[in-house]
>>> print(open('upload10.pdb').read())   # PDB, C-alpha atoms and all ligand atoms
MODEL        1
ATOM      1  CA  MET A   1      -1.172  -4.637 -27.011
ATOM      2  CA  LYS A   2      -3.825  -2.158 -26.145
ATOM      3  CA  THR A   3      -3.763   1.005 -28.138
ATOM      4  CA  LYS A   4      -5.734   3.194 -25.752
ATOM      5  CA  GLN A   5      -4.552   4.696 -22.481
ATOM      6  CA  THR A   6      -8.091   4.481 -21.185
ATOM      7  CA  ILE A   7      -8.416   1.811 -18.532
ATOM      8  CA  SER A   8     -11.627   0.320 -17.315
ATOM      9  CA  ARG A   9     -12.005  -0.537 -13.659
ATOM     10  CA  ARG A  10     -12.954  -3.970 -14.857
ATOM     11  CA  ALA A  11      -9.686  -4.332 -16.737
ATOM     12  CA  VAL A  12      -7.662  -3.465 -13.680
ATOM     13  CA  LEU A  13      -9.666  -5.709 -11.404
ATOM     14  CA  LYS A  14      -9.205  -8.463 -13.925
ATOM     15  CA  SER A  15      -5.513  -8.306 -13.222
ATOM     16  CA  PHE A  16      -5.773  -9.042  -9.530
ATOM     17  CA  GLY A  17      -4.727 -12.523  -8.579
ATOM     18  CA  ALA A  18      -5.264 -16.026  -9.749
ATOM     19  CA  LEU A  19      -8.980 -16.058  -9.003
ATOM     20  CA  GLY A  20      -9.544 -13.398 -11.632
ATOM     21  CA  ALA A  21      -7.407 -15.301 -14.139
ATOM     22  CA  VAL A  22      -9.259 -18.566 -13.574
ATOM     23  CA  LEU A  23     -12.652 -16.940 -13.875
ATOM     24  CA  VAL A  24     -11.609 -15.002 -16.932
ATOM     25  CA  ALA A  25     -10.542 -18.247 -18.548
ATOM     26  CA  ALA A  26     -14.126 -19.382 -18.839
ATOM     27  CA  ASP A  27     -15.817 -16.092 -19.634
ATOM     28  CA  SER A  28     -17.617 -14.980 -22.756
ATOM     29  CA  THR A  29     -16.104 -14.658 -26.216
ATOM     30  CA  LYS A  30     -15.779 -10.921 -25.752
ATOM     31  CA  VAL A  31     -13.702 -11.329 -22.633
ATOM     32  CA  GLN A  32     -11.651 -14.077 -24.263
ATOM     33  CA  ALA A  33     -10.729 -11.751 -27.082
ATOM     34  CA  ALA A  34      -9.624  -9.062 -24.675
ATOM     35  CA  GLU A  35      -7.683 -11.519 -22.579
ATOM     36  CA  SER A  36      -5.847 -12.996 -25.521
ATOM     37  CA  THR A  37      -3.993  -9.719 -25.919
ATOM     38  CA  THR A  38      -2.377  -9.954 -22.485
ATOM     39  CA  PRO A  39       0.650 -11.938 -21.325
ATOM     40  CA  LEU A  40      -1.325 -13.510 -18.520
ATOM     41  CA  ALA A  41      -4.126 -14.677 -20.817
ATOM     42  CA  ARG A  42      -5.332 -18.245 -20.696
ATOM     43  CA  LYS A  43      -7.365 -20.194 -23.186
ATOM     44  CA  PRO A  44     -11.015 -20.522 -22.268
ATOM     45  CA  ALA A  45     -12.107 -23.896 -20.918
ATOM     46  CA  ARG A  46     -15.782 -23.479 -21.730
ATOM     47  CA  VAL A  47     -18.450 -20.865 -21.707
ATOM     48  CA  GLY A  48     -20.812 -21.030 -18.775
ATOM     49  CA  ASP A  49     -23.444 -18.627 -17.544
ATOM     50  CA  ALA A  50     -22.659 -19.296 -13.897
ATOM     51  CA  ARG A  51     -19.025 -18.424 -14.383
ATOM     52  CA  LYS A  52     -19.967 -15.327 -16.312
ATOM     53  CA  ILE A  53     -22.312 -14.179 -13.568
ATOM     54  CA  ILE A  54     -19.705 -14.835 -10.889
ATOM     55  CA  LEU A  55     -17.106 -13.025 -12.967
ATOM     56  CA  GLU A  56     -19.281  -9.960 -13.300
ATOM     57  CA  HIS A  57     -19.987  -9.890  -9.587
ATOM     58  CA  VAL A  58     -16.299 -10.268  -8.757
ATOM     59  CA  PHE A  59     -15.427  -7.378 -11.059
ATOM     60  CA  LYS A  60     -18.116  -5.212  -9.532
ATOM     61  CA  ALA A  61     -17.040  -5.992  -5.974
ATOM     62  CA  PRO A  62     -15.645  -3.014  -4.097
ATOM     63  CA  LEU A  63     -12.317  -3.762  -2.422
ATOM     64  CA  ILE A  64     -10.790  -2.747   0.872
ATOM     65  CA  ASP A  65      -6.992  -2.746   0.745
ATOM     66  CA  THR A  66      -6.085  -4.043   4.188
ATOM     67  CA  HIS A  67      -2.346  -3.348   4.267
ATOM     68  CA  GLU A  68      -0.385  -0.533   2.684
ATOM     69  CA  HIS A  69       2.711   1.547   3.369
ATOM     70  CA  LEU A  70       1.606   4.412   1.161
ATOM     71  CA  ILE A  71       3.083   7.750   2.076
ATOM     72  CA  GLU A  72       0.924  10.827   1.655
ATOM     73  CA  GLU A  73       0.440  11.847  -1.963
ATOM     74  CA  LYS A  74       1.962  15.275  -1.403
ATOM     75  CA  GLN A  75       5.108  13.616  -0.012
ATOM     76  CA  ARG A  76       5.115  11.227  -2.926
ATOM     77  CA  LEU A  77       5.003  14.134  -5.354
ATOM     78  CA  ASP A  78       7.640  16.140  -3.486
ATOM     79  CA  VAL A  79      10.400  13.576  -3.692
ATOM     80  CA  THR A  80      12.994  15.819  -2.072
ATOM     81  CA  SER A  81      11.024  15.670   1.193
ATOM     82  CA  SER A  82      10.697  11.902   1.450
ATOM     83  CA  SER A  83      13.342   9.292   2.074
ATOM     84  CA  HIS A  84      10.763   6.727   0.934
ATOM     85  CA  VAL A  85      11.052   7.866  -2.679
ATOM     86  CA  PRO A  86      14.629   7.139  -3.784
ATOM     87  CA  CYS A  87      14.097   8.313  -7.366
ATOM     88  CA  ASP A  88      11.265   9.764  -9.389
ATOM     89  CA  ASP A  89      11.266   7.737 -12.595
ATOM     90  CA  TRP A  90      10.139   4.321 -13.844
ATOM     91  CA  ALA A  91      12.753   2.532 -11.718
ATOM     92  CA  LEU A  92      10.648   3.408  -8.677
ATOM     93  CA  LEU A  93       8.088   0.819  -9.827
ATOM     94  CA  LEU A  94      10.706  -1.871  -9.227
ATOM     95  CA  SER A  95      11.976  -0.510  -5.939
ATOM     96  CA  HIS A  96       9.892  -2.302  -3.364
ATOM     97  CA  TYR A  97      10.014  -5.306  -3.084
ATOM     98  CA  LEU A  98      11.192  -6.253  -6.551
ATOM     99  CA  ASN A  99      14.600  -4.841  -5.628
ATOM    100  CA  SER A 100      14.954  -7.840  -3.284
ATOM    101  CA  ASP A 101      14.173 -10.258  -6.124
ATOM    102  CA  LEU A 102      16.791  -8.569  -8.301
ATOM    103  CA  LEU A 103      19.446  -8.772  -5.589
ATOM    104  CA  VAL A 104      18.644 -12.441  -5.008
ATOM    105  CA  ALA A 105      19.005 -12.975  -8.766
ATOM    106  CA  GLY A 106      22.578 -11.694  -8.527
ATOM    107  CA  MET A 107      22.347  -7.973  -9.196
ATOM    108  CA  PRO A 108      25.235  -6.243  -7.390
ATOM    109  CA  LYS A 109      24.251  -3.778  -4.682
ATOM    110  CA  ALA A 110      26.243  -1.036  -6.430
ATOM    111  CA  ASP A 111      24.164  -1.535  -9.585
ATOM    112  CA  MET A 112      20.951  -1.420  -7.547
ATOM    113  CA  ASP A 113      22.100   1.852  -6.001
ATOM    114  CA  GLN A 114      22.651   3.234  -9.493
ATOM    115  CA  PHE A 115      19.293   1.907 -10.685
ATOM    116  CA  LEU A 116      17.440   3.712  -7.895
ATOM    117  CA  SER A 117      19.580   6.836  -8.037
ATOM    118  CA  PRO A 118      17.917  10.132  -8.987
ATOM    119  CA  LYS A 119      21.174  11.113 -10.677
ATOM    120  CA  VAL A 120      21.062   8.397 -13.350
ATOM    121  CA  GLU A 121      19.107   9.080 -16.537
ATOM    122  CA  PRO A 122      15.890   6.989 -16.702
ATOM    123  CA  GLY A 123      16.816   5.834 -20.203
ATOM    124  CA  ALA A 124      20.132   4.467 -18.958
ATOM    125  CA  LYS A 125      18.590   2.298 -16.260
ATOM    126  CA  TRP A 126      17.341  -0.656 -18.294
ATOM    127  CA  LYS A 127      20.811  -2.014 -18.945
ATOM    128  CA  LEU A 128      21.405  -2.236 -15.186
ATOM    129  CA  ILE A 129      18.557  -4.700 -14.645
ATOM    130  CA  ALA A 130      18.584  -6.378 -18.073
ATOM    131  CA  PRO A 131      20.864  -9.306 -17.055
ATOM    132  CA  TYR A 132      18.510 -10.230 -14.195
ATOM    133  CA  TRP A 133      15.095  -9.419 -15.616
ATOM    134  CA  ARG A 134      14.522 -12.877 -17.076
ATOM    135  CA  ALA A 135      15.163 -14.424 -13.651
ATOM    136  CA  VAL A 136      12.696 -12.195 -11.791
ATOM    137  CA  LYS A 137      10.000 -11.336 -14.324
ATOM    138  CA  ASN A 138       7.629 -14.078 -13.172
ATOM    139  CA  THR A 139       7.793 -13.404  -9.440
ATOM    140  CA  GLY A 140       4.699 -11.929  -7.837
ATOM    141  CA  TYR A 141       6.346  -8.555  -7.425
ATOM    142  CA  ALA A 142       7.442  -8.424 -11.075
ATOM    143  CA  GLN A 143       4.009  -9.480 -12.261
ATOM    144  CA  ALA A 144       2.533  -6.583 -10.291
ATOM    145  CA  VAL A 145       4.933  -4.230 -12.099
ATOM    146  CA  ARG A 146       4.095  -5.750 -15.486
ATOM    147  CA  ILE A 147       0.359  -5.494 -14.803
ATOM    148  CA  ALA A 148       0.793  -1.845 -13.813
ATOM    149  CA  CYS A 149       2.783  -1.139 -16.976
ATOM    150  CA  ARG A 150       0.186  -2.870 -19.093
ATOM    151  CA  GLU A 151      -2.885  -1.297 -17.512
ATOM    152  CA  LEU A 152      -1.543   2.185 -16.814
ATOM    153  CA  TYR A 153       0.949   2.732 -19.633
ATOM    154  CA  ALA A 154      -0.325   0.296 -22.302
ATOM    155  CA  VAL A 155       3.035  -1.473 -22.398
ATOM    156  CA  ASP A 156       3.099  -5.271 -22.515
ATOM    157  CA  ASP A 157       6.401  -5.885 -20.779
ATOM    158  CA  VAL A 158       9.494  -4.188 -19.453
ATOM    159  CA  SER A 159      12.271  -4.324 -22.053
ATOM    160  CA  ALA A 160      14.853  -2.209 -23.845
ATOM    161  CA  ALA A 161      12.194  -1.425 -26.433
ATOM    162  CA  THR A 162       9.557  -0.262 -23.929
ATOM    163  CA  VAL A 163      11.333   1.651 -21.149
ATOM    164  CA  ALA A 164      10.988   4.983 -22.973
ATOM    165  CA  LYS A 165       7.231   4.465 -23.230
ATOM    166  CA  ILE A 166       7.070   3.339 -19.604
ATOM    167  CA  GLN A 167       8.922   6.479 -18.532
ATOM    168  CA  ALA A 168       6.569   8.658 -20.603
ATOM    169  CA  GLY A 169       3.560   6.927 -19.044
ATOM    170  CA  TYR A 170       5.051   7.325 -15.586
ATOM    171  CA  GLU A 171       5.506  11.074 -16.059
ATOM    172  CA  LYS A 172       1.990  11.481 -17.414
ATOM    173  CA  THR A 173       0.391   9.489 -14.594
ATOM    174  CA  ARG A 174       2.318  10.902 -11.661
ATOM    175  CA  ARG A 175       0.399  14.024 -10.723
ATOM    176  CA  THR A 176      -1.953  15.428  -8.100
ATOM    177  CA  GLY A 177      -4.966  13.182  -7.632
ATOM    178  CA  PHE A 178      -3.354  10.046  -9.042
ATOM    179  CA  TYR A 179      -3.688   8.088  -5.791
ATOM    180  CA  HIS A 180      -7.458   8.338  -5.850
ATOM    181  CA  HIS A 181      -7.696   7.927  -9.603
ATOM    182  CA  ILE A 182      -5.678   4.712  -9.786
ATOM    183  CA  LEU A 183      -6.665   3.116  -6.498
ATOM    184  CA  HIS A 184     -10.314   4.113  -6.351
ATOM    185  CA  ASP A 185     -11.497   4.917  -9.865
ATOM    186  CA  LEU A 186      -9.543   2.212 -11.706
ATOM    187  CA  ALA A 187      -9.031  -0.524  -9.105
ATOM    188  CA  GLY A 188     -12.292  -0.079  -7.211
ATOM    189  CA  ILE A 189     -10.554   0.208  -3.849
ATOM    190  CA  GLN A 190     -12.813   1.947  -1.372
ATOM    191  CA  SER A 191     -10.162   2.573   1.271
ATOM    192  CA  CYS A 192      -6.642   1.533   2.222
ATOM    193  CA  GLN A 193      -5.445   0.562   5.671
ATOM    194  CA  VAL A 194      -2.099   2.312   5.901
ATOM    195  CA  ASN A 195       0.727   1.133   8.111
ATOM    196  CA  CYS A 196       2.660   4.382   8.230
ATOM    197  CA  LEU A 197       6.428   4.020   8.348
ATOM    198  CA  THR A 198       7.365   7.624   8.996
ATOM    199  CA  GLY A 199       7.721   7.171  12.743
ATOM    200  CA  VAL A 200       4.665   8.771  14.305
ATOM    201  CA  PRO A 201       2.117   6.633  16.149
ATOM    202  CA  PHE A 202      -0.797   8.364  14.459
ATOM    203  CA  LYS A 203      -0.287   9.724  10.964
ATOM    204  CA  GLU A 204      -2.478  12.667  10.044
ATOM    205  CA  SER A 205      -3.605  12.018   6.464
ATOM    206  CA  ASP A 206      -4.928  14.498   3.938
ATOM    207  CA  MET A 207      -7.329  11.725   2.883
ATOM    208  CA  PRO A 208      -8.355  10.332   6.293
ATOM    209  CA  THR A 209     -11.302   8.312   4.985
ATOM    210  CA  PHE A 210      -9.372   6.842   2.053
ATOM    211  CA  LEU A 211      -5.892   6.370   3.517
ATOM    212  CA  MET A 212      -6.998   5.090   6.910
ATOM    213  CA  GLN A 213      -4.086   4.993   9.297
ATOM    214  CA  ASP A 214      -3.134   2.099  11.558
ATOM    215  CA  ILE A 215      -1.648   2.813  14.915
ATOM    216  CA  SER A 216       1.997   2.468  13.978
ATOM    217  CA  ILE A 217       3.797   0.050  16.265
ATOM    218  CA  VAL A 218       7.242   0.752  14.806
ATOM    219  CA  GLY A 219       8.173   2.703  17.917
ATOM    220  CA  MET A 220       7.299  -0.288  20.075
ATOM    221  CA  PHE A 221       9.129  -3.169  18.405
ATOM    222  CA  ALA A 222      11.775  -1.755  16.078
ATOM    223  CA  GLY A 223      14.717   0.539  16.364
ATOM    224  CA  PRO A 224      16.307   2.912  16.446
ATOM    225  CA  ASN A 225      14.094   4.373  19.158
ATOM    226  CA  ILE A 226      12.073   1.453  20.449
ATOM    227  CA  ARG A 227      10.538   3.445  23.273
ATOM    228  CA  GLN A 228       9.702   6.565  21.354
ATOM    229  CA  TYR A 229       5.956   6.408  22.021
ATOM    230  CA  ALA A 230       6.063   5.590  25.714
ATOM    231  CA  PRO A 231       7.348   8.783  27.376
ATOM    232  CA  ALA A 232       4.349  10.830  26.299
ATOM    233  CA  THR A 233       2.095   8.428  28.193
ATOM    234  CA  GLY A 234       4.035   8.556  31.447
ATOM    235  CA  ILE A 235       4.410   4.754  31.316
ATOM    236  CA  ASP A 236       7.743   2.946  31.577
ATOM    237  CA  PRO A 237       6.974  -0.205  29.576
ATOM    238  CA  LYS A 238       8.531  -3.461  30.721
ATOM    239  CA  THR A 239       5.880  -5.997  29.763
ATOM    240  CA  LEU A 240       3.409  -6.603  26.965
ATOM    241  CA  SER A 241       0.642  -5.338  29.243
ATOM    242  CA  ASP A 242       2.590  -2.110  29.687
ATOM    243  CA  TRP A 243       2.676  -1.692  25.904
ATOM    244  CA  HIS A 244      -1.064  -2.305  25.790
ATOM    245  CA  ARG A 245      -1.418   0.588  28.192
ATOM    246  CA  VAL A 246       0.791   2.732  25.974
ATOM    247  CA  ILE A 247      -1.404   1.932  22.962
ATOM    248  CA  VAL A 248      -4.583   2.642  24.878
ATOM    249  CA  SER A 249      -3.160   5.866  26.240
ATOM    250  CA  GLN A 250      -2.030   7.033  22.818
ATOM    251  CA  ALA A 251      -5.346   6.082  21.242
ATOM    252  CA  LEU A 252      -7.358   7.759  23.952
ATOM    253  CA  PHE A 253      -5.184  10.810  23.779
ATOM    254  CA  GLU A 254      -5.801  11.245  20.053
ATOM    255  CA  LEU A 255      -9.489  10.435  20.068
ATOM    256  CA  VAL A 256     -10.426  12.315  23.183
ATOM    257  CA  ASP A 257      -8.054  15.204  22.554
ATOM    258  CA  GLU A 258      -9.476  15.818  19.085
ATOM    259  CA  GLY A 259     -13.032  15.618  20.349
ATOM    260  CA  TRP A 260     -13.985  12.492  18.402
ATOM    261  CA  LEU A 261     -14.958  10.630  21.536
ATOM    262  CA  THR A 262     -15.631  11.279  25.156
ATOM    263  CA  LEU A 263     -13.328   9.386  27.467
ATOM    264  CA  THR A 264     -16.274   7.219  28.518
ATOM    265  CA  ASP A 265     -17.076   6.275  24.931
ATOM    266  CA  ALA A 266     -13.424   5.589  24.163
ATOM    267  CA  LEU A 267     -13.219   3.199  27.077
ATOM    268  CA  GLU A 268     -16.355   1.424  25.924
ATOM    269  CA  LEU A 269     -14.756   0.776  22.560
ATOM    270  CA  VAL A 270     -11.313  -0.332  23.616
ATOM    271  CA  ASP A 271     -12.479  -2.400  26.568
ATOM    272  CA  ILE A 272     -13.695  -5.136  24.236
ATOM    273  CA  VAL A 273     -10.359  -5.666  22.531
ATOM    274  CA  LEU A 274      -8.428  -5.361  25.752
ATOM    275  CA  HIS A 275     -10.562  -7.911  27.594
ATOM    276  CA  GLY A 276     -11.720  -5.430  30.165
ATOM    277  CA  ASN A 277      -8.274  -4.049  30.860
ATOM    278  CA  ALA A 278      -9.090  -0.598  29.559
ATOM    279  CA  ARG A 279     -11.441   0.036  32.436
ATOM    280  CA  GLN A 280      -8.810  -1.140  34.823
ATOM    281  CA  ILE A 281      -6.186   1.078  33.221
ATOM    282  CA  PHE A 282      -8.413   4.121  33.184
ATOM    283  CA  HIS A 283     -10.945   3.201  35.791
ATOM    284  CA  LEU A 284     -13.778   5.624  35.417
ATOM    285  CA  THR A 285     -14.079   6.303  39.115
ATOM    286  CA  GLN A 286     -10.415   7.269  39.118
ATOM    287  CA  LYS A 287     -10.634   9.229  35.904
ATOM    288  CA  THR A 288     -10.014  12.624  37.386
ATOM    289  CA  GLU A 289      -7.010  11.449  39.305
ATOM    290  CA  ALA A 290      -5.619   9.559  36.302
ATOM    291  CA  LEU A 291      -6.054  12.534  34.035
ATOM    292  CA  LYS A 292      -4.289  14.784  36.516
ATOM    293  CA  THR A 293      -1.192  12.618  36.614
ATOM    294  CA  ALA A 294      -1.040  11.544  32.959
ATOM    295  CA  GLU A 295       1.554  13.644  31.161
ATOM    296  CA  TRP A 296      -0.008  13.016  27.769
ATOM    297  CA  VAL A 297      -3.148  14.952  28.684
ATOM    298  CA  LYS A 298      -1.348  18.273  28.875
TER     299      LYS A 298
HETATM  300 ZN    ZN B   1       3.785  -4.313   5.114
ENDMDL
END
>>> encode(input="upload10.pdb", output="structure tokens")
Amino acid sequence: MKTKQTISRRAVLKSFGALGAVLVAADSTKVQAAESTTPLARKPARVGDARKIILEHVFKAPLIDTHEHLIEEKQRLDVTSSSHVPCDDWALLLSHYLNSDLLVAGMPKADMDQFLSPKVEPGAKWKLIAPYWRAVKNTGYAQAVRIACRELYAVDDVSAATVAKIQAGYEKTRRTGFYHHILHDLAGIQSCQVNCLTGVPFKESDMPTFLMQDISIVGMFAGPNIRQYAPATGIDPKTLSDWHRVIVSQALFELVDEGWLTLTDALELVDIVLHGNARQIFHLTQKTEALKTAEWVK
């Protein structure tokens, strides 16, 4: 077990995926010694300069996180304002998607509700998952939790003996600036592509260059309000092409409205991905007329 709370970016990167584990297996003696203290450690096959060089380059590589559902940090810290944060203690680490693994392993829904309840003492939560932990602890989701506990809280595993330390680490870590610290400073992630689940097509982020927002398509394919994005565009969508027009309209509205792009430039950009349809949808020669009748321009 590590005795220091200090975490190197290299140590966190080392925890990502099988590639890291395989490469680590053949690294130098120094790395072997460090690895032997972790549950995921493997015995070295042999020492090779090529592997060592590759390892170092992998650890130095900046990462782009291409899919996230991260809510804004201020919402994350103000748990009363977000339905995406069921409780604000160590159980939250196991909430998504490890909760599915636990239910599949036989945990009753009522116990899961208690486990994720803000009204249950953090120290009383271990016994709720204890009967199922052995069944789920090696799933990908559980390994992510165990890696986080190890690298962030210096705790080797989740158990009756460690939950108090995990809770203490959680409370110490969870504070303003922790998104950037953990994701960027420790994990080397340069930016995240966020699929926002809060129901707006374009989420305004406090960290727009770090938490880059996808166009959310929730309002186009899922309930409860499948057509929530369309009315603002003046389009009554019936086909996939209609939805393409909704997306283009929404995108143009945001970009042009906020002064990031001229309408001409916006069309240049989206035309490529829409196989020329953008120009048809907002034909430049009809721009004035289209703008006059489009409700979303107001
Ligand atoms: Zn997702």
>>> residues_near_ligand(input="upload10.pdb", ligand="ligand ZN 1 (chain B)", cutoff="12 Å", atoms="all atoms listed in the file", output="list in words")
Asp65, Thr66, His67, Glu68, His69, Leu70, His96, Tyr97, Gln193, Val194, Asn195, Cys196, Leu197, Asp214, Ser216, Ile217 and Val218 of chain A
>>> residues_around(input="upload10.pdb", residues="segment 124-129 of chain A", least_positions_apart="6", cutoff="10 Å", atoms="only C-alpha atoms", output="list in words")
Asp89, Trp90, Ala91, Leu94, Asn99, Leu102, Leu103, Met107, Pro108, Asp111, Met112, Gln114, Phe115, Leu116, Ser117, Val136, Val158, Ser159, Ala160, Ala161, Thr162, Val163 and Ala164 of chain A
>>> residues_around(input="upload10.pdb", residues="segment 204-207 of chain A", least_positions_apart="2", cutoff="10 Å", atoms="only C-alpha atoms", output="ChimeraX atom specification")
/A:71-74,180,191,194,196,200-202,209-213
>>> atom_distance(input="upload10.pdb", atom1="atom CA of Ile247 of chain A", atom2="atom CA of His84 of chain A")
25.6 Å
>>> atom_distance(input="upload10.pdb", atom1="atom CA of Gln250 of chain A", atom2="atom CA of Lys203 of chain A")
12.3 Å
